[in-house]
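Here the structure comes first, spelled out in structure tokens, and everything after it is commentary.
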Amino acid sequence: MVTVVGVRFKKAGKIYYFDPDEIAIKLDERVIVETARGIEFGHVVVAPKQVREEEIVAPLKKVIRIATHEDIKQHKENKDKEKNAFEVCLKKVEEHGLEMKLIDVEYTFDNNKVIFYFTADGRVDFRELVKDLASIFRTRIELRQIGVRDEAKMIGGLGPCGKTMCCSTFLGDFEPVSIKMAKEQNLSLNPTKISGICGRLMCCLKYEHETYEKIIDKIPEIGSTVKTPKGVGIVVGANVLLEKIKVKLKVSDDAEDIICFELDDVKEVNQKK
């Protein structure tokens, strides 16, 4: 087992593990750590805990120190500089006539690099833009193309449900979402009803998917023969959320009726042919 702390660098960003290195680190503290991008300012969102070695990405980097007042001041100054860099880059993009949409700008804590995030429909030749930005900011420049889901996560907003979007609130990673999930939850397959602000399938389709799968595995197929407290009948429908099925029963020689039963009250006799 290895002792780690979980650190985020952006709100609702991915959580990265670091070695606390015998520093008494508490939850919600700000820390200075070394990453692949250089020295970074992070927020402790997971208090020191023990994890298995296979859960970490080796080599596990150490926390350099708990952030000082000077570190916090520098972090705020970097945020102010990001606003200015955004405006400068917008003008340069327009001057070069590039078909790209600038989304966000980020300074590394040590100011060794400025990262510009953008979206575009295809490949963009931004070599001249990089030269201009490097001459202005006198540091390393990186332009990183992102997808529409990342764009929504960075910008934020309200989802179709009326609440702040999950991706910009608490989702650290995007999980795969498929149209099959919407089908299994009996949702309308109208793209406008099951798509988020980003235009992709809503992340929340994933939340209840596992529960639906477990229940669906227990529900007899439509057309199957089942034994119920009121006799043997044919399955004609199901309500996954209520865990009930509709069964067509013969109530007399010339009459049939459809009755709802709890899933636990029926037993499958024959599967659908």
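How things are named: the first chain in the structure tokens is A, the next is B, and so on; residues count from 1 in each chain; ligands count from 1 in the order shown.
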
Using only C-alpha atoms, which residues sit within 10 Å of range 86-100 of chain A once same-chain residues fewer than 4 positions away are excluded, as a VMD selection string?
chain A and resid 81 to 82 104 to 106 116 to 126 128 to 130 132 to 133 136 to 137 145

With distances taken over only C-alpha atoms, which residue among A:Leu241, A:Val5, A:Leu60, A:Ile39 lies nearest Ile215 in chain A?
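Among the listed residues, the smallest separation from Ile215 in chain A belongs to A:Leu241.
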
Atom pair CA of Gly233 in chain A / CA of Ile245 in chain A: separation (Å):
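According to the coordinates, CA of Gly233 in chain A and CA of Ile245 in chain A are separated by 11.3 Å.
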
Going by DSSP on the backbone, which bits of range 29-227 of chain A are strand (DSSP E)? Write them as a PyMOL selection string, please.
chain A and resi 30-35+38-51+63-66+101-107+113-119+140-145+225-227

Near-Val57 in chain A list (12 Å; only C-alpha atoms; drop same-chain fewer than 2 positions) as a list in words:
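Near neighbours after the sequence-gap exclusion: Val2, Val4, Tyr16, Tyr17, Phe18, Asp19, Val51, Arg52, Glu53, Glu54, Glu55, Pro59, Leu60 and Lys61 of chain A.
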
Put those residues in a file: all heavy atoms, as a short mmCIF file (atom, residue, chain, number, x, y, z; two decimals), in the first residue's frame.
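Written output follows (selection.cif):
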```cif
data_model
loop_
_atom_site.label_atom_id
_atom_site.label_comp_id
_atom_site.auth_asym_id
_atom_site.auth_seq_id
_atom_site.Cartn_x
_atom_site.Cartn_y
_atom_site.Cartn_z
N VAL A 2 0.35 2.32 -0.65
CA VAL A 2 1.09 3.57 -0.78
C VAL A 2 0.23 4.71 -0.26
O VAL A 2 -0.98 4.75 -0.51
CB VAL A 2 1.47 3.84 -2.25
CG1 VAL A 2 2.27 5.13 -2.37
CG2 VAL A 2 2.24 2.68 -2.84
N VAL A 4 -1.07 8.42 -0.43
CA VAL A 4 -1.18 9.45 -1.47
C VAL A 4 -2.15 10.54 -1.03
O VAL A 4 -2.93 10.36 -0.09
CB VAL A 4 -1.69 8.85 -2.80
CG1 VAL A 4 -0.74 7.80 -3.33
CG2 VAL A 4 -3.10 8.27 -2.64
N TYR A 16 -5.37 13.86 -9.51
CA TYR A 16 -4.07 13.20 -9.65
C TYR A 16 -3.51 12.88 -8.27
O TYR A 16 -3.65 13.68 -7.33
CB TYR A 16 -3.09 14.11 -10.40
CG TYR A 16 -3.49 14.39 -11.84
CD1 TYR A 16 -4.29 15.49 -12.14
CD2 TYR A 16 -3.07 13.57 -12.87
CE1 TYR A 16 -4.67 15.76 -13.45
CE2 TYR A 16 -3.44 13.82 -14.19
CZ TYR A 16 -4.23 14.92 -14.47
OH TYR A 16 -4.61 15.19 -15.77
N TYR A 17 -2.88 11.72 -8.16
CA TYR A 17 -2.29 11.30 -6.89
C TYR A 17 -0.84 11.77 -6.79
O TYR A 17 -0.08 11.71 -7.76
CB TYR A 17 -2.33 9.79 -6.74
CG TYR A 17 -3.70 9.23 -6.42
CD1 TYR A 17 -4.08 7.97 -6.86
CD2 TYR A 17 -4.61 9.96 -5.66
CE1 TYR A 17 -5.33 7.44 -6.57
CE2 TYR A 17 -5.86 9.46 -5.35
CZ TYR A 17 -6.22 8.19 -5.81
OH TYR A 17 -7.45 7.70 -5.52
N PHE A 18 -0.47 12.23 -5.56
CA PHE A 18 0.91 12.63 -5.28
C PHE A 18 1.32 12.06 -3.93
O PHE A 18 0.48 11.80 -3.06
CB PHE A 18 1.03 14.16 -5.25
CG PHE A 18 0.90 14.81 -6.60
CD1 PHE A 18 -0.35 15.16 -7.09
CD2 PHE A 18 2.02 15.07 -7.38
CE1 PHE A 18 -0.48 15.75 -8.34
CE2 PHE A 18 1.90 15.67 -8.62
CZ PHE A 18 0.65 16.01 -9.11
N ASP A 19 2.63 11.90 -3.76
CA ASP A 19 3.21 11.44 -2.51
C ASP A 19 3.31 12.62 -1.55
O ASP A 19 3.99 13.61 -1.85
CB ASP A 19 4.59 10.85 -2.79
CG ASP A 19 5.29 10.36 -1.53
OD1 ASP A 19 4.72 10.50 -0.43
OD2 ASP A 19 6.41 9.82 -1.66
N VAL A 51 -3.59 3.55 -0.82
CA VAL A 51 -4.12 2.92 -2.04
C VAL A 51 -3.18 1.81 -2.47
O VAL A 51 -2.00 1.79 -2.10
CB VAL A 51 -4.29 3.94 -3.20
CG1 VAL A 51 -5.26 5.03 -2.83
CG2 VAL A 51 -2.94 4.53 -3.60
N ARG A 52 -3.70 0.88 -3.28
CA ARG A 52 -2.85 -0.19 -3.80
C ARG A 52 -1.91 0.36 -4.87
O ARG A 52 -2.24 1.33 -5.55
CB ARG A 52 -3.71 -1.31 -4.40
CG ARG A 52 -4.59 -2.01 -3.37
CD ARG A 52 -5.22 -3.26 -3.96
NE ARG A 52 -6.02 -2.92 -5.13
CZ ARG A 52 -7.30 -2.56 -5.09
NH1 ARG A 52 -7.93 -2.49 -3.92
NH2 ARG A 52 -7.97 -2.28 -6.20
N GLU A 53 -0.77 -0.26 -5.02
CA GLU A 53 0.25 0.23 -5.95
C GLU A 53 -0.25 0.26 -7.40
O GLU A 53 0.15 1.11 -8.18
CB GLU A 53 1.52 -0.62 -5.85
CG GLU A 53 2.27 -0.40 -4.56
CD GLU A 53 3.67 -1.01 -4.59
OE1 GLU A 53 4.14 -1.33 -5.69
OE2 GLU A 53 4.26 -1.17 -3.52
N GLU A 54 -1.15 -0.68 -7.75
CA GLU A 54 -1.66 -0.72 -9.13
C GLU A 54 -2.60 0.44 -9.44
O GLU A 54 -2.96 0.67 -10.60
CB GLU A 54 -2.35 -2.06 -9.43
CG GLU A 54 -3.41 -2.46 -8.43
CD GLU A 54 -2.89 -3.37 -7.34
OE1 GLU A 54 -1.69 -3.26 -6.99
OE2 GLU A 54 -3.68 -4.19 -6.83
N GLU A 55 -3.04 1.18 -8.41
CA GLU A 55 -3.95 2.30 -8.61
C GLU A 55 -3.21 3.60 -8.95
O GLU A 55 -3.83 4.60 -9.30
CB GLU A 55 -4.81 2.54 -7.37
CG GLU A 55 -5.83 1.43 -7.10
CD GLU A 55 -6.69 1.75 -5.90
OE1 GLU A 55 -7.18 2.90 -5.80
OE2 GLU A 55 -6.89 0.87 -5.04
N PRO A 59 6.24 7.03 -12.24
CA PRO A 59 6.65 7.23 -10.84
C PRO A 59 5.76 8.25 -10.14
O PRO A 59 5.34 9.23 -10.75
CB PRO A 59 8.08 7.77 -11.00
CG PRO A 59 8.05 8.51 -12.30
CD PRO A 59 7.12 7.75 -13.19
N LEU A 60 5.48 8.00 -8.86
CA LEU A 60 4.62 8.89 -8.09
C LEU A 60 5.42 10.11 -7.66
O LEU A 60 6.39 10.00 -6.91
CB LEU A 60 4.07 8.15 -6.87
CG LEU A 60 3.04 8.88 -6.02
CD1 LEU A 60 1.77 9.10 -6.81
CD2 LEU A 60 2.74 8.09 -4.74
N LYS A 61 5.02 11.28 -8.14
CA LYS A 61 5.75 12.51 -7.81
C LYS A 61 5.34 13.00 -6.42
O LYS A 61 4.22 12.74 -5.96
CB LYS A 61 5.49 13.58 -8.86
CG LYS A 61 6.09 13.23 -10.23
CD LYS A 61 5.93 14.37 -11.21
CE LYS A 61 6.54 14.02 -12.55
NZ LYS A 61 8.00 13.88 -12.49
#
```

Any idea what's packed within 10 Å of Arg65 in chain A, counting only C-alpha atoms, ignoring anything in its chain fewer than 6 positions away? Could you give it as a list in words?
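Once the nearby chain positions are removed, what remains is Pro20, Asp21, Ile23, Ala24, Ile25, Arg30, Val31, Ile32 and Val33 of chain A.
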
What is the distance between CA of Gly6 in chain A and CA of Asp71 in chain A, in Å to one decimal?
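Distance reported for this atom pair: 19.3 Å.
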
Given only C-alpha atoms as the counted atoms, nearest of A:Ala67, A:Val7, A:Ala58, A:Ala12 to His43 in chain A:
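Looking only at the distances to His43 in chain A, the closest residue turns out to be A:Val7.
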
Just give me the gap between CA of Ser178 in chain A and CA of Ala152 in chain A in Å, one decimal is fine.
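Computing the Euclidean distance for CA of Ser178 in chain A and CA of Ala152 in chain A yields 18.6 Å.
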
Need the shell around Phe109 in chain A: protein/DNA/RNA residues with any atom at most 7 Å away, counting only C-alpha atoms. Skip same-chain ones fewer than 6 positions apart. Format as JSON, numbers by chain?
{"A": [39, 40, 41, 75]}

Write the residues of the preceding selection, restricted to N, CA and C atoms, as a PDB file, in the first residue's frame.
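The resulting file, part29.pdb, is reproduced below:
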```pdb
ATOM      1  N   ILE A  39       6.192  22.983 -12.475  1.00  0.00           N
ATOM      2  CA  ILE A  39       5.687  23.243 -11.121  1.00  0.00           C
ATOM      3  C   ILE A  39       4.264  23.781 -11.226  1.00  0.00           C
ATOM      4  N   GLU A  40       3.335  23.179 -10.449  1.00  0.00           N
ATOM      5  CA  GLU A  40       1.931  23.565 -10.529  1.00  0.00           C
ATOM      6  C   GLU A  40       1.356  23.842  -9.148  1.00  0.00           C
ATOM      7  N   PHE A  41       0.306  24.677  -9.149  1.00  0.00           N
ATOM      8  CA  PHE A  41      -0.441  25.047  -7.938  1.00  0.00           C
ATOM      9  C   PHE A  41      -1.725  24.222  -7.936  1.00  0.00           C
ATOM     10  N   HIS A  75      -0.377  32.795  -7.832  1.00  0.00           N
ATOM     11  CA  HIS A  75      -1.450  32.080  -8.543  1.00  0.00           C
ATOM     12  C   HIS A  75      -2.540  33.058  -9.000  1.00  0.00           C
TER      13      HIS A  75
END
```

Please report, as a count of residues only, each residue of range 4-157 of chain A to which DSSP assigns helix (DSSP H, G or I) when run on this structure's backbone.
50

Name all residues at most 10 Å from Val247 in chain A (count only C-alpha atoms; drop same-chain ones fewer than 6 positions away) and give them as a list in words.
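So the residues in contact are Ile222, Gly223, Ser224, Thr225, Val226, Lys227, Thr228, Gly231, Val232, Gly233, Ile234, Val235, Val236, Gly237, Ala238, Asp257, Ile258, Ile259, Cys260, Phe261 and Val266 of chain A.
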
For Phe174 in chain A, which of A:Arg8, A:Arg144, A:Lys206, A:His69 is the closest residue, counting only C-alpha atoms?
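Among the listed residues, the smallest separation from Phe174 in chain A belongs to A:Lys206.
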